[in-house]
Structures are given as C-alpha cells and as structure tokens.
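Asker: Input structure: run-v9.cif, which contains mmCIF, C-alpha atoms.
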```cif
data_run
loop_
_atom_site.group_PDB
_atom_site.id
_atom_site.type_symbol
_atom_site.label_atom_id
_atom_site.label_comp_id
_atom_site.auth_asym_id
_atom_site.auth_seq_id
_atom_site.Cartn_x
_atom_site.Cartn_y
_atom_site.Cartn_z
ATOM 1 C CA MET A 21 0.000 0.000 0.000
ATOM 2 C CA VAL A 22 1.355 3.415 -0.959
ATOM 3 C CA TYR A 23 -0.072 6.633 0.419
ATOM 4 C CA LEU A 24 1.369 10.053 -0.374
ATOM 5 C CA GLY A 25 4.608 8.530 -1.555
ATOM 6 C CA VAL A 26 5.120 6.391 1.595
ATOM 7 C CA ASP A 27 5.263 2.594 1.469
ATOM 8 C CA MET A 28 2.610 1.593 4.026
ATOM 9 C CA LYS A 29 3.712 -2.062 4.076
ATOM 10 C CA SER A 30 6.865 -1.135 5.955
ATOM 11 C CA ILE A 31 4.833 0.490 8.718
ATOM 12 C CA PRO A 32 4.031 -1.692 11.756
ATOM 13 C CA SER A 33 0.453 -2.743 12.442
ATOM 14 C CA PHE A 34 -1.969 -0.060 13.571
ATOM 15 C CA PRO A 35 -5.615 -0.384 14.524
ATOM 16 C CA PRO A 36 -8.215 -0.175 11.768
ATOM 17 C CA ASN A 37 -9.486 3.217 10.739
ATOM 18 C CA CYS A 38 -6.487 4.842 12.368
ATOM 19 C CA ILE A 39 -5.289 8.191 11.053
ATOM 20 C CA LEU A 40 -1.558 8.300 10.553
ATOM 21 C CA LEU A 41 0.339 11.603 10.834
ATOM 22 C CA GLN A 42 3.936 12.105 9.658
ATOM 23 C CA LEU A 43 5.362 15.122 11.435
ATOM 24 C CA SER A 44 8.490 17.178 10.750
ATOM 25 C CA ASP A 45 10.632 14.816 12.800
ATOM 26 C CA SER A 46 9.944 12.082 10.141
ATOM 27 C CA ARG A 47 7.945 10.029 12.668
ATOM 28 C CA ILE A 48 4.484 8.660 11.952
ATOM 29 C CA TYR A 49 1.887 8.825 14.692
ATOM 30 C CA GLY A 50 -1.513 7.086 15.066
ATOM 31 C CA SER A 51 -4.731 8.848 16.064
ATOM 32 C CA ARG A 52 -6.366 6.108 18.172
ATOM 33 C CA ASP A 53 -5.647 4.893 21.656
ATOM 34 C CA GLU A 54 -6.608 1.253 21.051
ATOM 35 C CA TYR A 55 -3.192 0.312 19.703
ATOM 36 C CA ASN A 56 -1.881 0.172 23.288
ATOM 37 C CA SER A 57 -4.396 -2.575 24.227
ATOM 38 C CA GLY A 58 -3.521 -6.207 24.089
ATOM 39 C CA ALA A 59 -5.559 -6.826 20.940
ATOM 40 C CA PHE A 60 -2.471 -6.138 18.809
ATOM 41 C CA GLY A 61 -0.120 -8.382 20.741
ATOM 42 C CA GLU A 62 3.148 -7.872 22.456
ATOM 43 C CA ARG A 63 5.023 -6.883 19.275
ATOM 44 C CA GLU A 64 2.915 -3.805 18.790
ATOM 45 C CA ASN A 65 3.346 -2.840 22.441
ATOM 46 C CA GLU A 66 7.082 -3.217 22.136
ATOM 47 C CA ILE A 67 7.117 -1.103 19.011
ATOM 48 C CA SER A 68 5.020 1.549 20.687
ATOM 49 C CA GLU A 69 7.514 1.733 23.519
ATOM 50 C CA VAL A 70 10.827 1.695 21.615
ATOM 51 C CA GLY A 71 9.710 2.592 18.104
ATOM 52 C CA GLU A 72 11.053 1.167 14.855
ATOM 53 C CA THR A 73 13.261 2.574 12.157
ATOM 54 C CA THR A 74 12.649 1.553 8.573
ATOM 55 C CA GLY A 75 14.814 3.159 5.899
ATOM 56 C CA HIS A 76 15.155 6.854 6.737
ATOM 57 C CA HIS A 77 11.785 7.024 8.553
ATOM 58 C CA LYS A 78 11.255 6.302 12.210
ATOM 59 C CA TYR A 79 7.815 5.005 13.123
ATOM 60 C CA GLU A 80 6.398 5.230 16.597
ATOM 61 C CA ARG A 81 2.924 4.497 17.837
ATOM 62 C CA LYS A 82 1.599 7.340 19.934
ATOM 63 C CA THR A 83 -1.774 8.616 20.873
ATOM 64 C CA MET A 84 -3.038 12.084 20.063
ATOM 65 C CA LYS A 85 -2.630 12.968 23.726
ATOM 66 C CA ASP A 86 1.051 12.155 23.490
ATOM 67 C CA VAL A 87 1.343 14.273 20.344
ATOM 68 C CA GLU A 88 -0.449 17.145 22.024
ATOM 69 C CA GLY A 89 1.842 16.809 25.024
ATOM 70 C CA ASP A 90 4.917 16.920 22.814
ATOM 71 C CA ALA A 91 3.512 19.974 21.077
ATOM 72 C CA LYS A 92 2.937 21.661 24.430
ATOM 73 C CA ASN A 93 6.469 20.870 25.541
ATOM 74 C CA GLN A 94 7.836 22.225 22.268
ATOM 75 C CA THR A 95 5.651 25.307 22.614
ATOM 76 C CA GLN A 96 6.927 25.851 26.135
ATOM 77 C CA LEU A 97 10.536 25.736 24.905
ATOM 78 C CA GLU A 98 10.091 28.079 21.947
ATOM 79 C CA PRO A 99 9.559 31.377 23.854
ATOM 80 C CA ARG A 100 12.905 31.018 25.620
ATOM 81 C CA ASP A 101 14.658 30.270 22.359
ATOM 82 C CA VAL A 102 12.873 33.140 20.689
ATOM 83 C CA GLN A 103 13.791 35.418 23.578
ATOM 84 C CA LYS A 104 17.437 34.435 23.296
ATOM 85 C CA GLU A 105 17.341 34.957 19.557
ATOM 86 C CA LEU A 106 15.638 38.308 19.957
ATOM 87 C CA ARG A 107 18.113 39.261 22.666
ATOM 88 C CA ALA A 108 21.008 38.379 20.400
ATOM 89 C CA GLN A 109 19.444 40.313 17.531
ATOM 90 C CA TYR A 110 18.832 43.270 19.853
ATOM 91 C CA LEU A 111 22.443 43.312 21.017
ATOM 92 C CA THR A 112 23.652 43.046 17.436
ATOM 93 C CA LEU A 113 21.391 45.872 16.321
ATOM 94 C CA LYS A 114 22.431 47.935 19.338
ATOM 95 C CA LYS A 115 26.086 47.540 18.402
ATOM 96 C CA GLU A 116 25.322 48.415 14.810
ATOM 97 C CA VAL A 117 23.382 51.499 15.919
ATOM 98 C CA HIS A 118 26.252 52.500 18.209
ATOM 99 C CA HIS A 119 28.780 52.144 15.399
ATOM 100 C CA ALA A 120 26.439 53.954 13.026
ATOM 101 C CA LYS A 121 26.083 56.839 15.500
ATOM 102 C CA ARG A 122 29.848 57.091 15.907
ATOM 103 C CA HIS A 123 30.316 56.999 12.156
ATOM 104 C CA LEU A 124 27.554 59.596 11.773
ATOM 105 C CA LYS A 125 29.249 61.909 14.279
ATOM 106 C CA ILE A 126 32.548 61.559 12.420
ATOM 107 C CA GLU A 127 30.848 62.257 9.106
ATOM 108 C CA GLU A 128 29.013 65.249 10.596
ATOM 109 C CA ARG A 129 32.294 66.642 11.926
ATOM 110 C CA LYS A 130 33.937 66.152 8.541
ATOM 111 C CA LEU A 131 30.932 67.740 6.856
ATOM 112 C CA LYS A 132 31.159 70.781 9.138
ATOM 113 C CA GLU A 133 34.875 71.095 8.395
ATOM 114 C CA GLU A 134 34.223 70.824 4.671
ATOM 115 C CA GLU A 135 31.418 73.382 4.918
ATOM 116 C CA LYS A 136 33.776 75.734 6.750
ATOM 117 C CA ASP A 137 36.442 75.188 4.089
ATOM 118 C CA VAL A 138 33.862 75.876 1.391
ATOM 119 C CA GLU A 139 32.762 79.061 3.167
ATOM 120 C CA ASP A 140 36.385 80.193 3.500
ATOM 121 C CA LEU A 141 36.990 79.412 -0.160
ATOM 122 C CA GLN A 142 33.851 81.294 -1.167
ATOM 123 C CA GLN A 143 35.004 84.265 0.907
ATOM 124 C CA GLU A 144 38.432 84.156 -0.738
ATOM 125 C CA ILE A 145 36.819 83.936 -4.174
ATOM 126 C CA LYS A 146 34.580 86.875 -3.307
ATOM 127 C CA GLU A 147 37.540 88.948 -2.127
ATOM 128 C CA ALA A 148 39.549 87.962 -5.202
ATOM 129 C CA SER A 149 36.622 88.892 -7.452
ATOM 130 C CA GLU A 150 36.333 92.265 -5.751
ATOM 131 C CA ALA A 151 40.083 92.789 -6.128
ATOM 132 C CA VAL A 152 39.921 91.824 -9.808
ATOM 133 C CA GLU A 153 36.999 94.176 -10.341
ATOM 134 C CA LEU A 154 38.901 96.963 -8.596
ATOM 135 C CA VAL A 155 41.991 96.302 -10.715
ATOM 136 C CA ARG A 156 39.847 96.218 -13.855
ATOM 137 C CA THR A 157 38.274 99.555 -12.951
ATOM 138 C CA GLN A 158 41.656 101.079 -12.194
ATOM 139 C CA THR A 159 43.055 99.635 -15.417
ATOM 140 C CA GLU A 160 40.253 101.219 -17.410
ATOM 141 C CA LYS A 161 40.922 104.557 -15.735
ATOM 142 C CA VAL A 162 44.657 104.245 -16.381
ATOM 143 C CA SER A 163 43.980 103.250 -20.002
ATOM 144 C CA GLN A 164 41.766 106.268 -20.486
ATOM 145 C CA LEU A 165 44.351 108.502 -18.838
ATOM 146 C CA LEU A 166 47.118 106.925 -20.928
ATOM 147 C CA SER A 167 45.128 107.442 -24.115
ATOM 148 C CA HIS A 168 44.549 111.053 -23.136
ATOM 149 C CA ARG A 169 48.238 111.528 -22.330
ATOM 150 C CA GLN A 170 49.246 109.892 -25.610
ATOM 151 C CA ASN A 171 47.012 112.280 -27.496
ATOM 152 C CA GLN A 172 48.544 115.141 -25.555
ATOM 153 C CA LEU A 173 52.020 113.808 -26.313
ATOM 154 C CA LYS A 174 51.245 113.545 -30.014
ATOM 155 C CA SER A 175 49.888 117.060 -30.022
ATOM 156 C CA THR A 176 52.869 118.371 -28.046
ATOM 157 C CA THR A 177 55.318 116.487 -30.272
ATOM 158 C CA PHE A 178 53.679 117.911 -33.353
ATOM 159 C CA LEU A 179 53.822 121.437 -31.938
ATOM 160 C CA LEU A 180 57.447 120.912 -30.880
ATOM 161 C CA GLN A 181 58.459 119.653 -34.309
ATOM 162 C CA THR A 182 56.645 122.565 -35.900
ATOM 163 C CA ARG A 183 58.460 124.980 -33.611
ATOM 164 C CA GLN A 184 61.810 123.306 -34.290
ATOM 165 C CA ILE A 185 61.282 123.501 -38.033
ATOM 166 C CA THR A 186 60.389 127.184 -37.711
ATOM 167 C CA LEU A 187 63.522 127.909 -35.669
ATOM 168 C CA LEU A 188 65.780 125.911 -37.982
ATOM 169 C CA ASN A 189 64.408 127.713 -41.014
ATOM 170 C CA SER A 190 65.226 130.947 -39.205
ATOM 171 C CA LEU A 191 68.776 129.686 -38.627
ATOM 172 C CA ARG A 192 69.081 128.798 -42.305
ATOM 173 C CA SER A 193 68.112 132.358 -43.173
ATOM 174 C CA PHE A 194 70.497 133.834 -40.579
ATOM 175 C CA PHE A 195 73.387 131.539 -41.516
ATOM 176 C CA PRO A 196 72.967 130.751 -45.220
ATOM 177 C CA ILE A 197 75.166 127.872 -46.378
ATOM 178 C CA GLU A 198 76.000 127.437 -50.037
ATOM 179 C CA LYS A 199 78.035 124.927 -51.973
ATOM 180 C CA VAL A 200 80.623 126.373 -54.344
ATOM 181 C CA SER A 201 82.408 123.147 -55.202
ATOM 182 C CA ALA A 202 83.044 119.738 -53.701
ATOM 183 C CA GLN A 203 85.851 121.200 -51.582
ATOM 184 C CA THR A 204 84.535 124.737 -51.016
ATOM 185 C CA TRP A 205 81.458 125.810 -49.042
ATOM 186 C CA THR A 206 80.439 129.240 -47.777
ATOM 187 C CA ILE A 207 78.590 130.428 -44.669
ATOM 188 C CA ASN A 208 77.357 134.019 -44.733
ATOM 189 C CA GLY A 209 79.643 134.505 -47.736
ATOM 190 C CA LEU A 210 82.795 133.342 -45.890
ATOM 191 C CA ASN A 211 84.691 130.557 -47.668
ATOM 192 C CA LEU A 212 85.811 127.323 -46.052
ATOM 193 C CA THR A 213 87.932 125.236 -48.372
ATOM 194 C CA LYS A 214 89.445 121.807 -47.784
ATOM 195 C CA PRO A 215 92.140 121.389 -46.771
ATOM 196 C CA TYR A 216 91.248 123.982 -44.176
ATOM 197 C CA ASP A 217 93.665 126.844 -43.602
ATOM 198 C CA GLU A 218 94.404 129.177 -40.687
ATOM 199 C CA SER A 219 93.438 132.442 -42.367
ATOM 200 C CA GLU A 220 91.392 135.151 -40.653
ATOM 201 C CA GLU A 221 88.471 134.503 -43.009
ATOM 202 C CA ALA A 222 88.527 130.829 -42.062
ATOM 203 C CA GLY A 223 88.665 131.764 -38.354
ATOM 204 C CA SER A 224 85.586 133.989 -38.752
ATOM 205 C CA ALA A 225 83.778 131.224 -40.667
ATOM 206 C CA TRP A 226 84.578 128.719 -37.904
ATOM 207 C CA GLY A 227 83.208 131.185 -35.361
ATOM 208 C CA LEU A 228 79.879 131.269 -37.277
ATOM 209 C CA VAL A 229 79.859 127.456 -37.441
ATOM 210 C CA VAL A 230 80.362 127.221 -33.655
ATOM 211 C CA HIS A 231 77.519 129.671 -33.039
ATOM 212 C CA LEU A 232 75.246 127.779 -35.467
ATOM 213 C CA LEU A 233 75.992 124.400 -33.820
ATOM 214 C CA THR A 234 75.334 125.868 -30.373
ATOM 215 C CA MET A 235 71.891 127.048 -31.481
ATOM 216 C CA LEU A 236 71.136 123.717 -33.212
ATOM 217 C CA SER A 237 72.014 121.782 -30.054
ATOM 218 C CA LYS A 238 69.724 124.033 -28.036
ATOM 219 C CA TYR A 239 66.759 123.959 -30.435
ATOM 220 C CA LEU A 240 66.946 120.206 -31.065
ATOM 221 C CA ASP A 241 67.658 119.455 -27.380
ATOM 222 C CA ILE A 242 70.651 117.269 -28.289
ATOM 223 C CA PRO A 243 73.822 117.511 -26.157
ATOM 224 C CA LEU A 244 77.156 117.837 -27.959
ATOM 225 C CA ARG A 245 80.193 115.639 -27.432
ATOM 226 C CA TYR A 246 82.432 118.631 -26.666
ATOM 227 C CA LYS A 247 81.791 122.023 -25.161
ATOM 228 C CA LEU A 248 81.789 124.831 -27.745
ATOM 229 C CA LEU A 249 83.324 128.178 -26.829
ATOM 230 C CA SER A 250 81.729 130.738 -29.170
ATOM 231 C CA ASN A 251 83.866 133.873 -29.506
ATOM 232 C CA SER A 252 83.527 135.029 -33.109
ATOM 233 C CA SER A 253 86.836 134.531 -34.968
ATOM 234 C CA ARG A 254 88.503 133.333 -31.748
ATOM 235 C CA SER A 255 86.187 130.409 -31.024
ATOM 236 C CA ALA A 256 87.469 127.127 -29.591
ATOM 237 C CA ILE A 257 86.519 123.585 -28.466
ATOM 238 C CA GLN A 258 86.923 122.437 -24.855
ATOM 239 C CA ASP A 259 87.536 118.788 -23.949
ATOM 240 C CA GLY A 260 87.831 118.573 -20.195
ATOM 241 C CA SER A 261 90.766 120.725 -19.203
ATOM 242 C CA ARG A 262 92.097 120.967 -22.754
ATOM 243 C CA ILE A 263 91.067 123.685 -25.210
ATOM 244 C CA TYR A 264 91.458 123.374 -28.982
ATOM 245 C CA PRO A 265 91.373 126.694 -30.885
ATOM 246 C CA LEU A 266 89.703 127.081 -34.276
ATOM 247 C CA PHE A 267 92.135 129.747 -35.427
ATOM 248 C CA GLY A 268 95.867 130.055 -35.960
ATOM 249 C CA ARG A 269 98.191 127.151 -35.533
ATOM 250 C CA GLY A 270 96.843 123.901 -34.113
ATOM 251 C CA PHE A 271 93.301 124.543 -35.324
ATOM 252 C CA ASN A 272 93.128 121.074 -36.967
ATOM 253 C CA ASP A 273 92.407 119.391 -33.602
ATOM 254 C CA GLY A 274 89.598 121.878 -33.028
ATOM 255 C CA VAL A 275 88.144 121.148 -36.489
ATOM 256 C CA ARG A 276 88.288 117.413 -35.754
ATOM 257 C CA CYS A 277 86.343 117.902 -32.488
ATOM 258 C CA LEU A 278 83.857 120.157 -34.279
ATOM 259 C CA THR A 279 83.294 117.474 -36.932
ATOM 260 C CA VAL A 280 82.591 114.909 -34.167
ATOM 261 C CA CYS A 281 79.910 117.225 -32.742
ATOM 262 C CA VAL A 282 78.239 117.587 -36.164
ATOM 263 C CA GLU A 283 78.228 113.811 -36.722
ATOM 264 C CA GLY A 284 76.663 113.319 -33.271
ATOM 265 C CA LEU A 285 73.776 115.610 -34.241
ATOM 266 C CA LEU A 286 73.298 113.680 -37.495
ATOM 267 C CA ARG A 287 73.140 110.321 -35.688
ATOM 268 C CA ALA A 288 70.682 111.695 -33.140
ATOM 269 C CA ARG A 289 68.343 112.775 -35.965
ATOM 270 C CA ASP A 290 68.917 109.522 -37.899
ATOM 271 C CA ILE A 291 70.274 111.384 -40.906
ATOM 272 C CA VAL A 292 72.966 109.944 -43.151
ATOM 273 C CA SER A 293 75.195 112.475 -44.872
ATOM 274 C CA LYS A 294 77.444 111.694 -47.803
ATOM 275 C CA GLU A 295 79.200 115.051 -47.626
ATOM 276 C CA GLU A 296 82.775 115.248 -46.365
ATOM 277 C CA HIS A 297 82.816 118.992 -45.750
ATOM 278 C CA VAL A 298 81.689 120.203 -42.311
ATOM 279 C CA LEU A 299 79.344 122.788 -43.831
ATOM 280 C CA GLY A 300 77.936 120.107 -46.155
ATOM 281 C CA LYS A 301 77.130 117.917 -43.138
ATOM 282 C CA ILE A 302 75.458 120.848 -41.361
ATOM 283 C CA GLU A 303 73.374 121.603 -44.455
ATOM 284 C CA GLU A 304 72.252 117.958 -44.579
ATOM 285 C CA LEU A 305 71.251 118.229 -40.912
ATOM 286 C CA LEU A 306 69.222 121.397 -41.496
ATOM 287 C CA VAL A 307 67.468 120.096 -44.584
ATOM 288 C CA GLY A 308 66.771 116.663 -43.076
ATOM 289 C CA THR A 309 65.287 118.166 -39.914
ATOM 290 C CA CYS A 310 63.179 120.777 -41.697
ATOM 291 C CA ASP A 311 61.960 118.243 -44.268
ATOM 292 C CA PRO A 312 61.452 114.847 -42.519
ATOM 293 C CA ARG A 313 60.141 113.191 -45.698
ATOM 294 C CA ARG A 314 63.235 114.053 -47.631
ATOM 295 C CA LYS A 315 64.829 110.766 -46.596
ATOM 296 C CA GLU A 316 61.877 108.793 -47.948
ATOM 297 C CA ARG A 317 62.002 110.708 -51.208
ATOM 298 C CA GLU A 318 65.710 110.039 -51.511
ATOM 299 C CA LYS A 319 65.133 106.325 -50.964
ATOM 300 C CA SER A 320 62.417 106.323 -53.608
ATOM 301 C CA ARG A 321 64.711 108.098 -56.052
ATOM 302 C CA GLU A 322 67.479 105.624 -55.294
ATOM 303 C CA VAL A 323 65.137 102.677 -55.903
ATOM 304 C CA ARG A 324 63.949 104.162 -59.200
ATOM 305 C CA ARG A 325 67.523 104.810 -60.255
ATOM 306 C CA LYS A 326 68.528 101.189 -59.596
ATOM 307 C CA LYS A 327 65.507 99.864 -61.490
ATOM 308 C CA THR A 328 66.339 102.131 -64.423
ATOM 309 C CA GLU A 329 69.913 100.865 -64.459
ATOM 310 C CA GLN A 330 68.697 97.257 -64.425
ATOM 311 C CA VAL A 331 66.338 97.879 -67.368
ATOM 312 C CA GLU A 332 69.066 99.603 -69.349
ATOM 313 C CA ALA A 333 71.426 96.718 -68.642
ATOM 314 C CA MET A 334 68.857 94.256 -70.035
ATOM 315 C CA PHE A 335 68.652 96.070 -73.405
ATOM 316 C CA ARG A 336 72.360 96.535 -73.868
#
```
Using structure tokens, write down the structure that the file contains.

Answerer:
Amino acid sequence: MVYLGVDMKSIPSFPPNCILLQLSDSRIYGSRDEYNSGAFGERENEISEVGETTGHHKYERKTMKDVEGDAKNQTQLEPRDVQKELRAQYLTLKKEVHHAKRHLKIEERKLKEEEKDVEDLQQEIKEASEAVELVRTQTEKVSQLLSHRQNQLKSTTFLLQTRQITLLNSLRSFFPIEKVSAQTWTINGLNLTKPYDESEEAGSAWGLVVHLLTMLSKYLDIPLRYKLLSNSSRSAIQDGSRIYPLFGRGFNDGVRCLTVCVEGLLRARDIVSKEEHVLGKIEELLVGTCDPRRKEREKSREVRRKKTEQVEAMFR
C-alpha cells in the first residue's frame, strides 16, 4: 500500500481506521488509543515503547494525547529560544546602531569642516573677485588717462616739431650755407675750403659754425660731445681741461672735435650724410630736420635709379 509517496507495508500494524500523521521529525503517529491494548499483541506494544526505524523514517505508535503533550512541551521551549534569539538580535542591532552613531558623528564633523572650508573658499573667491573688479576699474581709468596723455604727447610732439622747423628755417636764413664746389662751401659769404687753412676769413667762418651748432644743439635738445666756446673769430673747443682753438696754428684738432659734434647731431636725428665737408654735413642736418620726408624721397629716387639701371642693362 502506498499513500502520499510512503510505502505503508513497511509500517508496523496499527488499529483499523487509524489516522496516521507524519510530522516534521519524520515520525508517523496514530490517532487512536486502542493500539496500546492487548488486541495487537506484544510486538505492537514493544514497538510503541521503543519505536522502529525503517529506511530513513522512524515510526512510533503514539496517541493524540502524546502528540499534544509533545507539542505543548515544544511550545513551552520556543519562547525562551525566541527570547534568546531576539536578545542576540537586539544586542547586534544595538552595536550596529552605536557604530552607526559614531560613524555619523565623524561624518558630521567632517561635513562641518568641509562646509567651513567651502565658506572660507567662497570668501576668498569673493575677495579675489572684488580685487579683480577693482583692478579692472583702475586699469580702465589708467587706459583712459594713458590714451589722453598719448594724445597730448602727439599734439605736443607735433607742436614741438613745428616749432623746431620754424627755428631751424630761421637759422638757415640767418646763416645761409652754399656749396661752391666739392671742396669749397660758404657760410654768410665766408669761404671754407678743404684742406682747411688758418686764415682770418677761415677763423671767422669757424666762429659762425660754432655759433650755429650751439643754437642747433639748443633747439633740437641734443647735447654735444664737446663744449663749444663761441667767440667770433677766436672760437674754440673744450675737452675737459684741454682747449682746442679754431684759429691760428693747431686749429686742426679743433676742427676734428667740431666734426665729431656735427656727426653726433646727425646720428641723433637719424640722418645719413654723404658730404665730407663740415658745412655740407650741417646743411644735410638742417634740410633733413626741416623736411622729414626728404629721406623717404631720396630712398624712392634711389630705388627708381637702380631699377632704371637694371632695365638699361637688359637692353644693352
């Protein structure tokens, strides 16, 4: 006989119409009390007392009262076990809560520190932004002032150049310089011929040259290499404690110093002179200063001249 997957033949004898219960402990129990009577013989009584194991099941004849008693005993034991289990769970949860609180306090402290750092950083950024804005405002003011000053400088420079040109044109009219030949130039009609001589006319001419250079240095605001001593036909050049006359014997050293002064004025005005005569150099200085675009025109003429020579060379 098989019932619910259990081989009933292996089960010991039970009374008729007996309900069999297989509980969680793998034992099978009967529902009637008659199996303890002598009607089933000594074998059944022995089995009911000691039980029997067949395969992996253990069969034991018990009454429902016995089953109820076992259930009561089990029920009486469960609350203590549950209490222990709950106690253990409570202690575990309490420890976890304690650790969580400690961790929370640490995190809160770190959060406060980070918030303070963020506030400090925000304050620094705010101060830096204000400083940048202040610098930007000051920079704009300085830029406006600089632009205004640059305009003033341009205007002043233009007026200064205009005034210088006017004064130099006056000097050209007061001290007219003319070219007679490659070696002879005149100033106010007085000849200066290379090689220079020590005549009275030459001494007077050198006196005019010294006076003219003194005025040029003053008007152009350019210092001279040597100090000029203007004294008409008895003019001289001073170099420290030494004095070089521009008249009589030994005037050549004075002329050399005078030529150095003229070349210094030319370099200061960025003018290149091809003349070898002192008066020729001074004339180049006057013309170049009074006519600033003369240099550009000369370059243009030089470029055109070279191109013309190249074209002529091609057709030869």

Asker: Go ahead and compute the interatomic distance for atom CA of Tyr264 of chain A and atom CA of Pro243 of chain A, in Å to one decimal.

Answerer: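 Result for atom CA of Tyr264 of chain A versus atom CA of Pro243 of chain A: 18.8 Å, one decimal.
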
Asker: Counting all atoms listed in the file, which residue out of A:Arg183, A:Arg325, A:Lys301, A:His123 sits closest to Gly284 of chain A?

Answerer: A:Lys301

Asker: Could you please determine the separation between atom CA of Lys294 of chain A and atom CA of Leu210 of chain A in Å, to one decimal place?

Answerer: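 The value is 22.4 Å.
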
Asker: For Ser237 of chain A, work out the shell of residues within 10 Å, counting all atoms listed in the file and skipping chain neighbours fewer than 5 positions away, then give it as a list of chain:residue names.

Answerer: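 Listed by chain and then number, they are A:Leu232, A:Ile242, A:Pro243, A:Leu244, A:Cys281, A:Val282, A:Leu285.
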
Asker: Write the selection just made, keeping C-alpha atoms, as a PDB file, in the frame of the given file?

Answerer:
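And here is the file that came out, out.pdb:
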```
ATOM      1  CA  LEU A 232      75.246 127.779 -35.467  1.00  0.00           C
ATOM      2  CA  ILE A 242      70.651 117.269 -28.289  1.00  0.00           C
ATOM      3  CA  PRO A 243      73.822 117.511 -26.157  1.00  0.00           C
ATOM      4  CA  LEU A 244      77.156 117.837 -27.959  1.00  0.00           C
ATOM      5  CA  CYS A 281      79.910 117.225 -32.742  1.00  0.00           C
ATOM      6  CA  VAL A 282      78.239 117.587 -36.164  1.00  0.00           C
ATOM      7  CA  LEU A 285      73.776 115.610 -34.241  1.00  0.00           C
TER       8      LEU A 285
END
```

Asker: Exactly which residues make up the result of the PyMOL selection byres ((chain A and resi 233) around 12) on this file, given as a VMD selection string?

Answerer: chain A and resid 188 191 to 192 195 226 to 232 234 to 250 257 278 to 286 298 to 299 301 to 303 305 to 306

Asker: Smallest atom-to-atom distance to Ala202 of chain A: which of A:Lys214, A:Gly308, A:Gln181, A:Leu266, using all atoms listed in the file?

Answerer: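 Counting all atoms listed in the file, the residue closest to Ala202 of chain A is A:Lys214.
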
Asker: So, counting only C-alpha atoms, which residue among A:Gly268, A:Ser149, A:Glu105, A:Asn189 is closest to Arg254 of chain A?

Answerer: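 Using only C-alpha atoms, the shortest distance to Arg254 of chain A belongs to A:Gly268.
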
Asker: I'd like to know which of A:Leu141, A:Ile185, A:Ile207, A:Val292 is closest to Ser224 of chain A, using all atoms listed in the file.

Answerer: A:Ile207

Asker: Taking into account only C-alpha atoms, which residue in the set A:His297, A:Arg324, A:Arg107, A:Thr182 is nearest to Val200 of chain A?

Answerer: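 Using only C-alpha atoms, the shortest distance to Val200 of chain A belongs to A:His297.
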